[in-house]
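Trainee: mmCIF, C-alpha atoms and all ligand atoms, file protein06.cif:
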data_query
loop_
_atom_site.label_atom_id
_atom_site.label_comp_id
_atom_site.auth_asym_id
_atom_site.auth_seq_id
_atom_site.Cartn_x
_atom_site.Cartn_y
_atom_site.Cartn_z
CA MET A 1 109.81 74.61 25.16
CA THR A 2 106.49 74.81 26.95
CA GLY A 3 107.18 77.82 29.14
CA ARG A 4 106.07 81.33 28.41
CA LEU A 5 106.87 84.86 29.45
CA ASP A 6 104.20 87.52 29.83
CA ILE A 7 105.18 91.13 30.54
CA VAL A 8 102.42 93.03 32.33
CA GLY A 9 101.88 96.45 33.90
CA LEU A 10 100.11 96.98 37.23
CA GLY A 11 99.02 100.54 36.44
CA PRO A 12 100.13 103.47 38.62
CA GLY A 13 97.93 102.87 41.63
CA PRO A 14 94.90 100.82 42.66
CA ARG A 15 93.97 97.30 41.60
CA ARG A 16 90.94 98.57 39.68
CA TRP A 17 93.43 100.03 37.17
CA PHE A 18 94.84 96.58 36.39
CA THR A 19 93.52 95.41 33.03
CA LEU A 20 91.46 92.19 32.92
CA GLU A 21 94.27 90.66 30.86
CA THR A 22 96.81 91.51 33.61
CA GLU A 23 94.55 89.82 36.19
CA GLU A 24 94.31 86.71 33.97
CA ILE A 25 98.07 86.52 33.43
CA LEU A 26 98.78 86.92 37.16
CA ALA A 27 96.23 84.22 38.01
CA GLY A 28 97.90 81.75 35.63
CA ALA A 29 101.58 82.49 36.34
CA SER A 30 103.80 79.96 38.12
CA ASP A 31 106.42 82.66 38.82
CA VAL A 32 106.08 86.44 39.21
CA ILE A 33 109.21 88.57 38.81
CA GLY A 34 109.62 92.28 39.52
CA TYR A 35 110.92 95.13 41.61
CA HIS A 36 110.15 94.62 45.33
CA SER A 37 107.69 97.49 45.65
CA TYR A 38 105.58 96.19 42.73
CA ILE A 39 105.74 92.59 44.02
CA ASP A 40 104.52 93.91 47.41
CA ARG A 41 101.30 95.08 45.75
CA LEU A 42 100.30 91.43 45.06
CA GLU A 43 99.33 88.38 47.13
CA PRO A 44 100.87 85.08 45.94
CA LEU A 45 98.33 82.43 44.93
CA ALA A 46 98.72 78.80 46.01
CA GLY A 47 101.84 77.29 44.46
CA GLN A 48 102.98 80.57 42.96
CA VAL A 49 106.54 81.82 43.53
CA PHE A 50 107.34 85.53 43.83
CA HIS A 51 110.85 86.76 42.94
CA GLY A 52 111.39 90.36 44.11
CA SER A 53 114.60 92.19 43.30
CA ASP A 54 116.21 95.59 43.43
CA ASN A 55 115.30 98.14 40.75
CA ARG A 56 118.88 98.69 39.55
CA VAL A 57 119.29 95.21 38.12
CA GLU A 58 116.68 95.23 35.36
CA ILE A 59 118.74 93.26 32.85
CA ASP A 60 119.64 90.57 35.41
CA ARG A 61 115.97 90.31 36.31
CA ALA A 62 115.08 89.99 32.62
CA ARG A 63 117.68 87.22 32.08
CA PHE A 64 116.43 85.35 35.13
CA ALA A 65 112.86 85.57 33.77
CA LEU A 66 113.97 84.24 30.38
CA GLU A 67 115.88 81.36 32.00
CA LEU A 68 112.81 80.40 34.05
CA ALA A 69 110.54 80.56 30.98
CA ALA A 70 113.05 78.45 29.03
CA SER A 71 112.90 75.84 31.80
CA GLY A 72 109.14 75.50 31.25
CA LYS A 73 107.69 77.95 33.80
CA LYS A 74 104.80 80.35 33.16
CA VAL A 75 106.52 83.58 34.05
CA ALA A 76 104.93 87.00 34.57
CA VAL A 77 107.34 89.94 34.61
CA ILE A 78 105.69 92.95 36.22
CA SER A 79 106.22 96.73 36.03
CA GLY A 80 104.29 99.69 37.38
CA GLY A 81 102.12 101.55 34.88
CA ASP A 82 102.59 100.24 31.36
CA PRO A 83 105.42 97.70 30.97
CA GLY A 84 106.68 99.29 27.77
CA ILE A 85 107.17 102.84 29.13
CA PHE A 86 110.47 103.29 31.03
CA ALA A 87 109.99 99.73 32.27
CA MET A 88 110.73 96.01 31.99
CA ALA A 89 109.61 95.18 28.43
CA ALA A 90 112.64 96.95 26.92
CA ALA A 91 114.97 95.20 29.39
CA VAL A 92 113.54 91.81 28.37
CA PHE A 93 114.10 92.49 24.67
CA GLU A 94 117.61 93.77 25.34
CA ALA A 95 118.32 90.50 27.16
CA VAL A 96 116.78 88.48 24.31
CA GLU A 97 118.91 90.28 21.72
CA GLN A 98 122.13 89.78 23.69
CA GLY A 99 121.38 86.36 25.15
CA ASP A 100 121.02 82.70 24.25
CA ARG A 101 119.61 82.37 20.69
CA SER A 102 117.03 79.83 21.90
CA TRP A 103 115.35 82.65 23.88
CA ARG A 104 114.16 84.09 20.54
CA ASP A 105 111.83 81.08 20.17
CA LEU A 106 110.17 81.59 23.55
CA ASP A 107 106.52 82.54 23.72
CA ILE A 108 106.86 86.18 24.86
CA THR A 109 103.91 88.60 25.01
CA VAL A 110 103.77 92.22 26.17
CA HIS A 111 100.41 93.27 27.61
CA PRO A 112 99.53 96.99 27.76
CA GLY A 113 98.83 98.72 31.07
CA VAL A 114 97.63 102.10 32.30
CA SER A 115 100.62 104.45 32.30
CA ALA A 116 101.03 107.18 34.94
CA MET A 117 100.60 109.95 32.38
CA LEU A 118 97.20 108.57 31.35
CA ALA A 119 96.00 108.38 34.95
CA ALA A 120 97.32 111.88 35.71
CA ALA A 121 95.79 113.31 32.55
CA ALA A 122 92.42 111.77 33.37
CA ARG A 123 92.48 113.36 36.86
CA LEU A 124 93.07 116.78 35.37
CA GLY A 125 90.71 116.73 32.39
CA ALA A 126 92.37 116.36 28.99
CA PRO A 127 95.85 117.90 28.97
CA LEU A 128 97.04 115.32 26.40
CA GLY A 129 94.23 116.17 23.96
CA HIS A 130 96.68 117.35 21.29
CA ASP A 131 100.33 116.60 20.38
CA PHE A 132 102.49 115.78 23.36
CA CYS A 133 105.84 114.20 24.12
CA VAL A 134 107.05 111.99 26.94
CA LEU A 135 110.44 112.38 28.60
CA SER A 136 112.27 110.81 31.49
CA LEU A 137 114.40 113.20 33.52
CA SER A 138 116.57 110.40 34.85
CA ASP A 139 120.20 110.64 33.79
CA ASN A 140 121.04 107.21 35.19
CA LEU A 141 120.80 105.63 31.74
CA LYS A 142 121.59 108.63 29.49
CA PRO A 143 123.72 111.78 29.80
CA TRP A 144 122.18 115.00 31.12
CA SER A 145 123.22 116.77 27.88
CA LEU A 146 120.74 114.54 26.03
CA VAL A 147 117.97 115.32 28.53
CA GLU A 148 118.61 119.04 27.94
CA LYS A 149 118.66 118.61 24.16
CA ARG A 150 115.28 116.87 24.28
CA LEU A 151 113.75 119.42 26.68
CA ARG A 152 114.86 122.16 24.26
CA ALA A 153 113.36 120.28 21.30
CA ALA A 154 110.06 119.69 23.12
CA ALA A 155 109.90 123.34 24.21
CA GLY A 156 110.77 124.52 20.69
CA GLY A 157 108.05 122.30 19.22
CA ASP A 158 105.46 123.69 21.66
CA TYR A 159 104.50 120.20 22.79
CA VAL A 160 102.69 119.37 26.00
CA MET A 161 105.31 117.49 28.03
CA ALA A 162 104.77 114.52 30.32
CA ILE A 163 107.91 114.23 32.44
CA TYR A 164 108.57 110.94 34.24
CA ASN A 165 111.25 110.31 36.91
CA PRO A 166 111.59 114.03 37.77
CA ALA A 167 113.54 113.52 41.00
CA SER A 168 114.69 111.01 43.58
CA LYS A 169 116.80 111.14 46.72
CA ALA A 170 119.87 110.41 44.59
CA ARG A 171 118.83 112.94 41.90
CA PRO A 172 117.41 116.00 43.68
CA ARG A 173 119.02 118.59 41.35
CA GLN A 174 117.83 117.68 37.84
CA ILE A 175 114.25 118.94 38.17
CA HIS A 176 115.59 122.38 39.23
CA ASP A 177 117.92 122.49 36.23
CA ALA A 178 115.06 121.43 33.95
CA PHE A 179 112.81 124.22 35.26
CA GLU A 180 115.60 126.76 34.87
CA LEU A 181 115.92 125.74 31.24
CA LEU A 182 112.17 125.67 30.58
CA ARG A 183 111.75 129.13 32.12
CA GLU A 184 114.13 130.45 29.44
CA LEU A 185 112.25 128.73 26.65
CA ARG A 186 108.54 128.84 27.50
CA PRO A 187 106.19 131.64 28.58
CA ALA A 188 105.95 132.29 32.33
CA ASN A 189 102.20 131.55 32.32
CA SER A 190 102.63 128.03 30.83
CA ILE A 191 100.50 125.61 32.83
CA VAL A 192 102.44 123.24 35.12
CA VAL A 193 101.04 120.30 37.07
CA PHE A 194 102.76 118.16 39.68
CA ALA A 195 100.67 114.97 39.76
CA ARG A 196 101.86 112.94 42.75
CA ALA A 197 100.92 109.35 43.65
CA ILE A 198 97.88 109.39 41.38
CA GLY A 199 95.32 106.76 42.37
CA ARG A 200 96.97 106.14 45.75
CA GLU A 201 95.94 107.24 49.24
CA ASP A 202 98.54 110.02 49.32
CA GLU A 203 97.58 111.44 45.90
CA GLN A 204 98.30 115.13 45.52
CA VAL A 205 97.75 117.36 42.49
CA THR A 206 99.33 120.81 42.34
CA LEU A 207 98.18 123.06 39.50
CA THR A 208 100.40 126.09 38.92
CA ASN A 209 102.40 127.87 36.20
CA LEU A 210 106.02 128.00 35.12
CA ALA A 211 106.82 131.25 36.94
CA GLU A 212 105.35 130.15 40.28
CA ALA A 213 106.10 126.41 40.23
CA ASP A 214 108.23 125.03 43.06
CA PRO A 215 110.10 122.09 41.51
CA SER A 216 111.26 120.86 44.92
CA ILE A 217 107.81 119.32 45.50
CA ALA A 218 108.49 116.72 42.77
CA ASP A 219 109.71 113.31 43.96
CA MET A 220 109.96 109.83 42.48
CA SER A 221 106.15 109.36 42.73
CA THR A 222 105.44 112.52 40.73
CA LEU A 223 104.64 113.02 37.07
CA VAL A 224 105.16 116.60 35.86
CA LEU A 225 102.98 117.96 33.07
CA ILE A 226 103.91 121.16 31.22
CA GLY A 227 101.20 122.66 29.03
CA SER A 228 101.69 123.87 25.45
CA SER A 229 100.69 127.40 24.40
CA ALA A 230 97.20 126.02 23.64
CA THR A 231 96.63 124.25 26.99
CA ARG A 232 93.83 125.92 28.92
CA ARG A 233 92.64 126.01 32.51
CA ILE A 234 89.02 126.06 33.71
CA ASP A 235 88.97 127.63 37.18
CA GLU A 236 91.11 125.71 39.69
CA ARG A 237 89.72 122.38 38.57
CA TRP A 238 90.35 121.32 34.98
CA ILE A 239 92.99 121.66 32.32
CA TYR A 240 92.71 120.60 28.71
CA THR A 241 94.44 121.01 25.37
CA PRO A 242 91.84 121.61 22.65
CA ARG A 243 91.49 119.23 19.72
CA GLY A 244 91.69 122.14 17.27
CA PHE A 245 94.94 124.10 17.18
CA SER A 246 95.36 127.13 14.95
C1 LIG B 301 110.34 103.99 36.17
S1 LIG B 301 108.98 105.03 35.73
C2 LIG B 301 107.80 103.80 35.35
C3 LIG B 301 106.67 104.30 34.51
C4 LIG B 301 105.58 103.26 34.29
N1 LIG B 301 106.05 102.16 33.48
C5 LIG B 301 104.34 103.88 33.67
O1 LIG B 301 104.00 103.55 32.54
O2 LIG B 301 103.70 104.69 34.36
C6 LIG B 301 108.46 105.64 37.30
C7 LIG B 301 107.90 107.04 37.19
O3 LIG B 301 106.52 106.96 36.80
C8 LIG B 301 105.78 108.02 37.38
N2 LIG B 301 104.69 107.46 38.21
C9 LIG B 301 104.48 106.15 38.49
N3 LIG B 301 103.37 106.00 39.23
C10 LIG B 301 102.85 107.24 39.42
C11 LIG B 301 101.69 107.74 40.08
N4 LIG B 301 100.83 106.92 40.73
N5 LIG B 301 101.46 109.08 40.07
C12 LIG B 301 102.31 109.91 39.41
N6 LIG B 301 103.41 109.49 38.74
C13 LIG B 301 103.68 108.18 38.76
C14 LIG B 301 106.78 108.84 38.23
O4 LIG B 301 107.30 109.87 37.40
C15 LIG B 301 107.85 107.80 38.51
O5 LIG B 301 109.10 108.42 38.82
#
Translate this file's structure into structure tokens.
Mentor:
Amino acid sequence: MTGRLDIVGLGPGPRRWFTLETEEILAGASDVIGYHSYIDRLEPLAGQVFHGSDNRVEIDRARFALELAASGKKVAVISGGDPGIFAMAAAVFEAVEQGDRSWRDLDITVHPGVSAMLAAAARLGAPLGHDFCVLSLSDNLKPWSLVEKRLRAAAGGDYVMAIYNPASKARPRQIHDAFELLRELRPANSIVVFARAIGREDEQVTLTNLAEADPSIADMSTLVLIGSSATRRIDERWIYTPRGFS
């Protein structure tokens, strides 16, 4: 087989947050596969074929990418942010594990990208400067009881939390339930940030605390950061979690 499959991330916003490696892979791909809204961020090059699809069919998209690579194409599968974080790389490996055994011999490479939490953290200062954990609030692919269990564990461990997928039109309630739970478990003055559309024209950063936070401002373009007991705020501008923790 001469085809290959590269899995790349486009970062959370502007083209300048693409890595050089991502640019190289996209320039050399015969076929680019991804969710419509990510595909729409790119211009096809001469001879290149774009295959956009709906977000809810990740495994089908992964299988299609593997079939194309097996037929000799140079396939780039794209995700927003980093392709390994709540994104397509896991779907590709799930498809490889379940699929045709010959897919295991394909030349598959995952290339790192800038994840939304890294871009949001950089905007704010250094909130991820000490131990943190990353959660998705979506209960599309796991039960809400597991989300709650993990929120409790993160709160109990006094981690900084980076919360992806806080809300969508189909899931408006979960972020309110999560805040209700966190208000029972963490001090009222815990720092909270709603980092929306970071790096895009409609970027908006709201710096508040657990008591005053309005979770209804979170949508599917928002990353929510919850500080640990050590996370500090400098005026209205910066937040950071110190390297030393006593
Ligand atoms: C399906 S996840 C994909 C995450 C992506 N793979 C990454 O590494 O950033 C989508 C979630 O990422 C977060 N997100 C993506 N882009 C963002 C941005 N520009 N600003 C804030 N959050 C963003 C939001 O929480 C959104 O609901």
Trainee: Could you give me, as a ChimeraX atom specification, every polymer residue with an atom at most 10 Å away from an atom of ligand LIG 301 (chain B), counting all atoms listed in the file?
Mentor: /A:8-14,55,78-89,112-120,135-138,162-168,194-205,218-224
Trainee: Neighbouring residues of stretch 24-35 of chain A were defined as those with any atom within 8 Å, considering all atoms listed in the file; residues of the same chain fewer than 3 positions away were excluded. Please report them as a CSV table (one decimal) with C-alpha atoms, in the coordinates of the input.
Mentor:
chain,number,residue,atom,x,y,z
A,6,ASP,CA,104.2,87.5,29.8
A,8,VAL,CA,102.4,93.0,32.3
A,20,LEU,CA,91.5,92.2,32.9
A,21,GLU,CA,94.3,90.7,30.9
A,38,TYR,CA,105.6,96.2,42.7
A,39,ILE,CA,105.7,92.6,44.0
A,45,LEU,CA,98.3,82.4,44.9
A,47,GLY,CA,101.8,77.3,44.5
A,48,GLN,CA,103.0,80.6,43.0
A,49,VAL,CA,106.5,81.8,43.5
A,50,PHE,CA,107.3,85.5,43.8
A,51,HIS,CA,110.8,86.8,42.9
A,52,GLY,CA,111.4,90.4,44.1
A,53,SER,CA,114.6,92.2,43.3
A,54,ASP,CA,116.2,95.6,43.4
A,55,ASN,CA,115.3,98.1,40.8
A,61,ARG,CA,116.0,90.3,36.3
A,65,ALA,CA,112.9,85.6,33.8
A,73,LYS,CA,107.7,78.0,33.8
A,74,LYS,CA,104.8,80.4,33.2
A,75,VAL,CA,106.5,83.6,34.0
A,76,ALA,CA,104.9,87.0,34.6
A,77,VAL,CA,107.3,89.9,34.6
A,78,ILE,CA,105.7,93.0,36.2
A,79,SER,CA,106.2,96.7,36.0
Trainee: A:Arg237, A:Arg4, A:Arg152, A:Arg232: which is nearest A:Leu128, counting only C-alpha atoms?
Mentor: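 Closest to A:Leu128 of all the choices is A:Arg232.
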Trainee: Looking at only C-alpha atoms, which of A:Phe64, A:Cys133, A:Pro127, A:His111 is the one that sits closest to A:Gly99?
Mentor: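 Once distances to A:Gly99 are computed over only C-alpha atoms, the minimum belongs to A:Phe64.
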Trainee: Leaving out stretch 174-184 of chain A and any residue of its chain fewer than 2 positions from it, which residues lie within 9 Å of it when counting only C-alpha atoms, given as a PyMOL selection string?
Mentor: chain A and resi 137-139+144+147-148+151-152+155+166-167+171-172+186-188+210-211+213-216+218
Trainee: Between atom CA of A:Tyr159 and atom CA of A:Asn140, measure the distance and give it in Å to one decimal.
Mentor: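 Interatomic distance, atom CA of A:Tyr159 to atom CA of A:Asn140: 24.4 Å.
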Trainee: Report the centre and edge lengths, in Å to one decimal, of an axis-aligned box enclosing every atom of stretch 49-54 of chain A listed in the file, padded by 4 Å on each side, as JSON.
Mentor:
{"center_x": 111.4, "center_y": 88.7, "center_z": 43.5, "size_x": 17.7, "size_y": 21.8, "size_z": 9.2}
